Amino acid sequence: MDKKSIVAGNWKMNKTQLEAKEFIKNLAPLIQSARASVYISPSFTALQESILAANNTNIIIGAQNMHDETDGAFTGEISGGMLKALGVEFVILGHSERRHVFHEDSSFINRKLIRALKDGLQPILCIGETQKEREEKKTEIVLEEQFLKGIQNLSKKDASNIIIAYEPVWAIGTGKTATSEIAEHVHSFIRKLVVKHLDKEISKNMHILYGGSVKPQNVEELMQQENIDGVLVGGASLDYKVFAQIINKA
Ligand code: PEP
């Protein structure tokens, strides 16, 4: 793997703005010599404080979601433009909790992705199969569909700016990690999808992250795999010492 790896933390609905600030203040000195790029996505309410705290560090701040419209009657929603104005740099889209708990479909996720790119935010597009789909041997069909629908109507240039995160739903927050062999097998399949639907050059440069119960104990083995370019971390990103260990091993 010759590109710089990415370690991204997804805090989900955790941490107030003060907790976020404390976390970043504590984390930054521990990861000064990290090889990986470090991304953190706090809740909307902690974004501003996090951006200020991350100033002059190697930490990049992003959001966990956004709406696909620029403005209007969408009570409770946040636009990409609002995030960009705050200094947000990336946005997680299509996380399995958004797909399965909030019933977001691929077409909505695709519209958000297009908007995020227009707004100058780098999207992390999450794709992944459920336990049932894996048992029914539908993993590749599901991933190809989520990937294709996700990048629909994107130019190759825009598509080359996205990051893919493979997050098997059965491994998220469950303590069950895909073995490095399973993860590598799927990542290699996703890399081939990028060649097939975009092109070889884009596939070489695209970051494909693995997410699902990543911990300090399994990150090294995952990162040794040829097609794993980084990790997306939920639970283990909430403790700065644990997250620092993951970052420094990636
Ligand atoms: C996630 O929410 O993206 C995730 C991978 O969670 P966890 O690391 O807790 O499984």
# chains A, B, ... in the order shown; residues from 1 in each chain; ligands from 1
call {"tool": "residues_around", "arguments": {"residues": "range 120-137 of chain A", "least_positions_apart": "6", "cutoff": "6 Å", "atoms": "only C-alpha atoms", "output": "PyMOL selection string"}}
result
chain A and resi 89-95+162-170
call {"tool": "residues_near_ligand", "arguments": {"ligand": "ligand 1", "cutoff": "9 Å", "atoms": "only C-alpha atoms and all ligand atoms", "output": "compact mmCIF listing (two decimals) with N, CA and C atoms, in the first residue's frame"}}
result
# COMPACT_ATOMS: atom_id res chain seq x y z
N ALA A 8 -10.35 6.99 10.53
CA ALA A 8 -11.47 7.90 10.75
C ALA A 8 -12.28 7.44 11.96
N GLY A 9 -12.61 8.37 12.82
CA GLY A 9 -13.42 8.06 14.01
C GLY A 9 -14.83 8.58 13.81
N ASN A 10 -15.80 7.71 14.06
CA ASN A 10 -17.21 8.12 13.98
C ASN A 10 -17.77 8.08 15.40
N TRP A 11 -17.98 9.26 15.95
CA TRP A 11 -18.43 9.33 17.35
C TRP A 11 -19.92 9.07 17.53
N LYS A 12 -20.66 9.03 16.44
CA LYS A 12 -22.12 8.83 16.51
C LYS A 12 -22.74 9.86 17.48
N HIS A 95 -24.06 5.58 6.12
CA HIS A 95 -23.70 4.70 7.23
C HIS A 95 -24.84 3.71 7.46
N SER A 96 -24.51 2.52 7.89
CA SER A 96 -25.56 1.49 8.02
C SER A 96 -26.66 1.92 9.00
N GLU A 97 -26.30 2.75 9.99
CA GLU A 97 -27.36 3.21 10.91
C GLU A 97 -28.31 4.16 10.18
N CYS A 126 -20.36 4.76 2.82
CA CYS A 126 -20.33 3.46 3.51
C CYS A 126 -21.21 2.46 2.77
N ALA A 165 -16.05 3.22 2.44
CA ALA A 165 -15.84 2.45 3.66
C ALA A 165 -16.67 1.17 3.57
N GLU A 167 -18.28 -1.52 5.47
CA GLU A 167 -18.69 -1.77 6.85
C GLU A 167 -19.74 -2.87 6.88
N PRO A 168 -19.32 -4.12 7.07
CA PRO A 168 -20.32 -5.19 7.16
C PRO A 168 -21.23 -4.91 8.36
N VAL A 169 -22.52 -4.87 8.13
CA VAL A 169 -23.46 -4.46 9.17
C VAL A 169 -23.35 -5.38 10.39
N TRP A 170 -23.07 -6.65 10.14
CA TRP A 170 -22.97 -7.63 11.22
C TRP A 170 -21.75 -7.41 12.11
N ALA A 171 -20.84 -6.54 11.68
CA ALA A 171 -19.62 -6.32 12.47
C ALA A 171 -19.63 -4.95 13.16
N ILE A 172 -20.68 -4.17 12.94
CA ILE A 172 -20.68 -2.81 13.51
C ILE A 172 -21.25 -2.81 14.91
N GLY A 173 -20.41 -2.43 15.86
CA GLY A 173 -20.84 -2.30 17.25
C GLY A 173 -21.17 -3.64 17.89
N THR A 174 -20.79 -4.73 17.24
CA THR A 174 -21.17 -6.04 17.75
C THR A 174 -19.99 -6.74 18.41
N GLY A 175 -18.79 -6.20 18.23
CA GLY A 175 -17.60 -6.88 18.73
C GLY A 175 -17.11 -7.94 17.76
N LYS A 176 -17.93 -8.26 16.73
CA LYS A 176 -17.52 -9.26 15.72
C LYS A 176 -16.76 -8.53 14.62
N THR A 177 -15.50 -8.82 14.45
CA THR A 177 -14.77 -8.18 13.34
C THR A 177 -14.71 -9.19 12.20
N TYR A 210 -11.86 -0.08 6.04
CA TYR A 210 -12.65 -1.15 6.67
C TYR A 210 -13.23 -0.62 7.98
N GLY A 211 -14.50 -0.93 8.25
CA GLY A 211 -15.10 -0.55 9.53
C GLY A 211 -15.92 -1.68 10.10
N GLY A 212 -15.83 -1.86 11.40
CA GLY A 212 -16.61 -2.91 12.07
C GLY A 212 -15.78 -3.48 13.20
N SER A 213 -16.01 -2.92 14.43
CA SER A 213 -15.32 -3.40 15.63
C SER A 213 -13.79 -3.38 15.51
N VAL A 214 -13.26 -2.33 14.89
CA VAL A 214 -11.80 -2.17 14.84
C VAL A 214 -11.30 -1.76 16.22
N LYS A 215 -10.18 -2.37 16.65
CA LYS A 215 -9.61 -2.11 17.98
C LYS A 215 -8.09 -2.08 17.84
N VAL A 231 -9.07 2.62 8.25
CA VAL A 231 -10.18 2.06 9.03
C VAL A 231 -11.16 3.16 9.45
N LEU A 232 -12.42 2.76 9.59
CA LEU A 232 -13.44 3.65 10.14
C LEU A 232 -13.84 3.03 11.48
N VAL A 233 -13.69 3.82 12.52
CA VAL A 233 -13.80 3.28 13.88
C VAL A 233 -14.95 3.95 14.63
N GLY A 234 -15.85 3.15 15.19
CA GLY A 234 -16.94 3.70 15.99
C GLY A 234 -16.56 3.69 17.47
N GLY A 235 -17.01 2.65 18.17
CA GLY A 235 -16.83 2.55 19.62
C GLY A 235 -15.43 2.86 20.12
N ALA A 236 -14.42 2.31 19.44
CA ALA A 236 -13.05 2.47 19.93
C ALA A 236 -12.47 3.86 19.62
N SER A 237 -13.26 4.73 18.99
CA SER A 237 -12.76 6.09 18.76
C SER A 237 -13.21 7.04 19.87
call {"tool": "residues_around", "arguments": {"residues": "Ser37 in chain A", "least_positions_apart": "4", "cutoff": "8 Å", "atoms": "only C-alpha atoms", "output": "number ranges by chain"}}
result
A: 4-7, 58-60
call {"tool": "write_last_selection", "arguments": {"atoms": "N, CA and C atoms", "output": "short mmCIF file (atom, residue, chain, number, x, y, z; two decimals), in the first residue's frame"}}
result
data_model
loop_
_atom_site.label_atom_id
_atom_site.label_comp_id
_atom_site.auth_asym_id
_atom_site.auth_seq_id
_atom_site.Cartn_x
_atom_site.Cartn_y
_atom_site.Cartn_z
N LYS A 4 -1.11 7.17 1.68
CA LYS A 4 -1.19 7.39 3.12
C LYS A 4 -2.48 6.78 3.67
N SER A 5 -2.41 6.05 4.76
CA SER A 5 -3.63 5.44 5.28
C SER A 5 -4.50 6.48 5.99
N ILE A 6 -5.76 6.12 6.19
CA ILE A 6 -6.70 7.03 6.87
C ILE A 6 -7.29 6.29 8.06
N VAL A 7 -7.27 6.95 9.22
CA VAL A 7 -8.00 6.42 10.37
C VAL A 7 -9.10 7.43 10.68
N ASN A 58 -2.90 17.58 13.25
CA ASN A 58 -3.08 16.81 12.01
C ASN A 58 -4.44 16.12 11.97
N ILE A 59 -5.43 16.70 12.67
CA ILE A 59 -6.77 16.09 12.73
C ILE A 59 -7.73 16.85 11.82
N ILE A 60 -8.47 16.09 11.01
CA ILE A 60 -9.43 16.68 10.07
C ILE A 60 -10.83 16.40 10.61
#
call {"tool": "select_by_dssp", "arguments": {"residues": "range 26-230 of chain A", "states": "strand (DSSP E or B)", "output": "ChimeraX atom specification"}}
result
/A:37-41,59-63,67,79,90-93,122-127,163-166,208-211,230
call {"tool": "select_by_dssp", "arguments": {"residues": "range 49-235 of chain A", "states": "alpha helix (DSSP H)", "output": "PyMOL selection string"}}
result
chain A and resi 49-54+80-86+96-100+106-118+131-135+139-151+156-159+180-197+200-205+219-223
call {"tool": "residues_around", "arguments": {"residues": "Glu181 in chain A", "least_positions_apart": "3", "cutoff": "10 Å", "atoms": "only C-alpha atoms", "output": "list in words"}}
result
Ala178, Glu184, His185, Val186, His187, Glu221, Leu222 and Gln225 of chain A
call {"tool": "write_last_selection", "arguments": {"atoms": "all heavy atoms", "output": "mmCIF file, in the first residue's frame"}}
result
data_model
loop_
_atom_site.group_PDB
_atom_site.id
_atom_site.type_symbol
_atom_site.label_atom_id
_atom_site.label_comp_id
_atom_site.auth_asym_id
_atom_site.auth_seq_id
_atom_site.Cartn_x
_atom_site.Cartn_y
_atom_site.Cartn_z
ATOM 1 N N ALA A 178 -14.774 -8.669 10.989
ATOM 2 C CA ALA A 178 -14.510 -9.566 9.854
ATOM 3 C C ALA A 178 -13.047 -9.969 9.992
ATOM 4 O O ALA A 178 -12.218 -9.138 10.355
ATOM 5 C CB ALA A 178 -14.740 -8.805 8.558
ATOM 6 N N GLU A 184 -10.173 -8.482 3.398
ATOM 7 C CA GLU A 184 -9.335 -8.297 2.206
ATOM 8 C C GLU A 184 -10.045 -8.819 0.948
ATOM 9 O O GLU A 184 -9.989 -8.199 -0.102
ATOM 10 C CB GLU A 184 -7.976 -8.988 2.410
ATOM 11 C CG GLU A 184 -7.082 -9.071 1.183
ATOM 12 C CD GLU A 184 -6.739 -7.727 0.522
ATOM 13 O OE1 GLU A 184 -6.886 -6.667 1.168
ATOM 14 O OE2 GLU A 184 -6.345 -7.747 -0.658
ATOM 15 N N HIS A 185 -10.725 -9.943 1.113
ATOM 16 C CA HIS A 185 -11.443 -10.519 -0.032
ATOM 17 C C HIS A 185 -12.472 -9.509 -0.551
ATOM 18 O O HIS A 185 -12.568 -9.250 -1.751
ATOM 19 C CB HIS A 185 -12.123 -11.810 0.434
ATOM 20 C CG HIS A 185 -12.835 -12.522 -0.648
ATOM 21 N ND1 HIS A 185 -12.181 -13.320 -1.555
ATOM 22 C CD2 HIS A 185 -14.148 -12.531 -0.994
ATOM 23 C CE1 HIS A 185 -13.056 -13.800 -2.408
ATOM 24 N NE2 HIS A 185 -14.258 -13.334 -2.098
ATOM 25 N N VAL A 186 -13.223 -8.911 0.383
ATOM 26 C CA VAL A 186 -14.255 -7.956 -0.019
ATOM 27 C C VAL A 186 -13.620 -6.676 -0.568
ATOM 28 O O VAL A 186 -14.078 -6.121 -1.575
ATOM 29 C CB VAL A 186 -15.206 -7.652 1.165
ATOM 30 C CG1 VAL A 186 -16.208 -6.586 0.774
ATOM 31 C CG2 VAL A 186 -15.927 -8.908 1.614
ATOM 32 N N HIS A 187 -12.556 -6.215 0.074
ATOM 33 C CA HIS A 187 -11.900 -4.981 -0.403
ATOM 34 C C HIS A 187 -11.363 -5.166 -1.827
ATOM 35 O O HIS A 187 -11.438 -4.254 -2.651
ATOM 36 C CB HIS A 187 -10.770 -4.570 0.543
ATOM 37 C CG HIS A 187 -11.265 -3.806 1.740
ATOM 38 N ND1 HIS A 187 -10.790 -2.560 2.089
ATOM 39 C CD2 HIS A 187 -12.218 -4.115 2.648
ATOM 40 C CE1 HIS A 187 -11.439 -2.143 3.167
ATOM 41 N NE2 HIS A 187 -12.294 -3.066 3.531
ATOM 42 N N GLU A 221 -3.237 -6.114 11.772
ATOM 43 C CA GLU A 221 -3.447 -7.190 10.806
ATOM 44 C C GLU A 221 -4.339 -6.721 9.649
ATOM 45 O O GLU A 221 -4.085 -7.044 8.481
ATOM 46 C CB GLU A 221 -4.075 -8.394 11.504
ATOM 47 C CG GLU A 221 -3.927 -9.636 10.668
ATOM 48 C CD GLU A 221 -4.547 -10.858 11.306
ATOM 49 O OE1 GLU A 221 -4.512 -10.982 12.553
ATOM 50 O OE2 GLU A 221 -5.086 -11.688 10.540
ATOM 51 N N LEU A 222 -5.346 -5.936 9.985
ATOM 52 C CA LEU A 222 -6.215 -5.405 8.920
ATOM 53 C C LEU A 222 -5.407 -4.517 7.979
ATOM 54 O O LEU A 222 -5.506 -4.627 6.758
ATOM 55 C CB LEU A 222 -7.376 -4.609 9.534
ATOM 56 C CG LEU A 222 -8.464 -5.439 10.231
ATOM 57 C CD1 LEU A 222 -9.326 -4.557 11.143
ATOM 58 C CD2 LEU A 222 -9.355 -6.140 9.199
ATOM 59 N N GLN A 225 -3.253 -5.775 4.996
ATOM 60 C CA GLN A 225 -3.872 -6.308 3.778
ATOM 61 C C GLN A 225 -3.705 -5.325 2.624
ATOM 62 O O GLN A 225 -3.843 -4.116 2.813
ATOM 63 C CB GLN A 225 -5.361 -6.604 4.014
ATOM 64 C CG GLN A 225 -5.649 -7.451 5.232
ATOM 65 C CD GLN A 225 -4.862 -8.751 5.240
ATOM 66 O OE1 GLN A 225 -4.844 -9.472 4.249
ATOM 67 N NE2 GLN A 225 -4.209 -9.047 6.352
#
call {"tool": "decode", "arguments": {"residues": "range 160-180 of chain A", "atoms": "N, CA, C and O atoms", "output": "JSON list (two decimals), in the first residue's frame"}}
result
[["chain", "number", "residue", "atom", "x", "y", "z"],
["A", 160, "SER", "N", -13.66, 10.29, -8.21],
["A", 160, "SER", "CA", -12.30, 10.03, -7.72],
["A", 160, "SER", "C", -12.04, 10.74, -6.39],
["A", 160, "SER", "O", -11.05, 10.49, -5.73],
["A", 161, "ASN", "N", -12.96, 11.62, -5.99],
["A", 161, "ASN", "CA", -12.78, 12.32, -4.70],
["A", 161, "ASN", "C", -13.44, 11.64, -3.52],
["A", 161, "ASN", "O", -13.39, 12.15, -2.40],
["A", 162, "ILE", "N", -14.12, 10.53, -3.78],
["A", 162, "ILE", "CA", -14.80, 9.91, -2.64],
["A", 162, "ILE", "C", -13.92, 8.85, -1.97],
["A", 162, "ILE", "O", -12.99, 8.32, -2.58],
["A", 163, "ILE", "N", -14.25, 8.59, -0.73],
["A", 163, "ILE", "CA", -13.61, 7.51, 0.02],
["A", 163, "ILE", "C", -14.70, 6.46, 0.21],
["A", 163, "ILE", "O", -15.85, 6.80, 0.47],
["A", 164, "ILE", "N", -14.34, 5.19, 0.07],
["A", 164, "ILE", "CA", -15.33, 4.12, 0.31],
["A", 164, "ILE", "C", -15.01, 3.50, 1.67],
["A", 164, "ILE", "O", -13.84, 3.29, 2.01],
["A", 165, "ALA", "N", -16.05, 3.22, 2.44],
["A", 165, "ALA", "CA", -15.84, 2.45, 3.66],
["A", 165, "ALA", "C", -16.67, 1.17, 3.57],
["A", 165, "ALA", "O", -17.89, 1.24, 3.41],
["A", 166, "TYR", "N", -15.99, 0.04, 3.63],
["A", 166, "TYR", "CA", -16.70, -1.24, 3.68],
["A", 166, "TYR", "C", -17.00, -1.53, 5.14],
["A", 166, "TYR", "O", -16.07, -1.73, 5.94],
["A", 167, "GLU", "N", -18.28, -1.52, 5.47],
["A", 167, "GLU", "CA", -18.69, -1.77, 6.85],
["A", 167, "GLU", "C", -19.74, -2.87, 6.88],
["A", 167, "GLU", "O", -20.95, -2.59, 6.72],
["A", 168, "PRO", "N", -19.32, -4.12, 7.07],
["A", 168, "PRO", "CA", -20.32, -5.19, 7.16],
["A", 168, "PRO", "C", -21.23, -4.91, 8.36],
["A", 168, "PRO", "O", -20.73, -4.71, 9.47],
["A", 169, "VAL", "N", -22.52, -4.87, 8.13],
["A", 169, "VAL", "CA", -23.46, -4.46, 9.17],
["A", 169, "VAL", "C", -23.35, -5.38, 10.39],
["A", 169, "VAL", "O", -23.44, -4.94, 11.53],
["A", 170, "TRP", "N", -23.07, -6.65, 10.14],
["A", 170, "TRP", "CA", -22.97, -7.63, 11.22],
["A", 170, "TRP", "C", -21.75, -7.41, 12.11],
["A", 170, "TRP", "O", -21.62, -8.01, 13.18],
["A", 171, "ALA", "N", -20.84, -6.54, 11.68],
["A", 171, "ALA", "CA", -19.62, -6.32, 12.47],
["A", 171, "ALA", "C", -19.63, -4.95, 13.16],
["A", 171, "ALA", "O", -18.70, -4.62, 13.89],
["A", 172, "ILE", "N", -20.68, -4.17, 12.94],
["A", 172, "ILE", "CA", -20.68, -2.81, 13.51],
["A", 172, "ILE", "C", -21.25, -2.81, 14.91],
["A", 172, "ILE", "O", -22.40, -3.19, 15.13],
["A", 173, "GLY", "N", -20.41, -2.43, 15.86],
["A", 173, "GLY", "CA", -20.84, -2.30, 17.25],
["A", 173, "GLY", "C", -21.17, -3.64, 17.89],
["A", 173, "GLY", "O", -21.77, -3.68, 18.96],
["A", 174, "THR", "N", -20.79, -4.73, 17.24],
["A", 174, "THR", "CA", -21.17, -6.04, 17.75],
["A", 174, "THR", "C", -19.99, -6.74, 18.41],
["A", 174, "THR", "O", -20.16, -7.78, 19.04],
["A", 175, "GLY", "N", -18.79, -6.20, 18.23],
["A", 175, "GLY", "CA", -17.60, -6.88, 18.73],
["A", 175, "GLY", "C", -17.11, -7.94, 17.76],
["A", 175, "GLY", "O", -16.03, -8.49, 17.91],
["A", 176, "LYS", "N", -17.93, -8.26, 16.73],
["A", 176, "LYS", "CA", -17.52, -9.26, 15.72],
["A", 176, "LYS", "C", -16.76, -8.53, 14.62],
["A", 176, "LYS", "O", -17.35, -7.69, 13.92],
["A", 177, "THR", "N", -15.50, -8.82, 14.45],
["A", 177, "THR", "CA", -14.77, -8.18, 13.34],
["A", 177, "THR", "C", -14.71, -9.19, 12.20],
["A", 177, "THR", "O", -14.56, -10.39, 12.45],
["A", 178, "ALA", "N", -14.77, -8.67, 10.99],
["A", 178, "ALA", "CA", -14.51, -9.57, 9.85],
["A", 178, "ALA", "C", -13.05, -9.97, 9.99],
["A", 178, "ALA", "O", -12.22, -9.14, 10.35],
["A", 179, "THR", "N", -12.71, -11.20, 9.72],
["A", 179, "THR", "CA", -11.29, -11.57, 9.78],
["A", 179, "THR", "C", -10.58, -10.76, 8.69],
["A", 179, "THR", "O", -11.21, -10.30, 7.73],
["A", 180, "SER", "N", -9.27, -10.64, 8.83],
["A", 180, "SER", "CA", -8.56, -9.86, 7.83],
["A", 180, "SER", "C", -8.70, -10.51, 6.45],
["A", 180, "SER", "O", -8.74, -9.81, 5.44]]
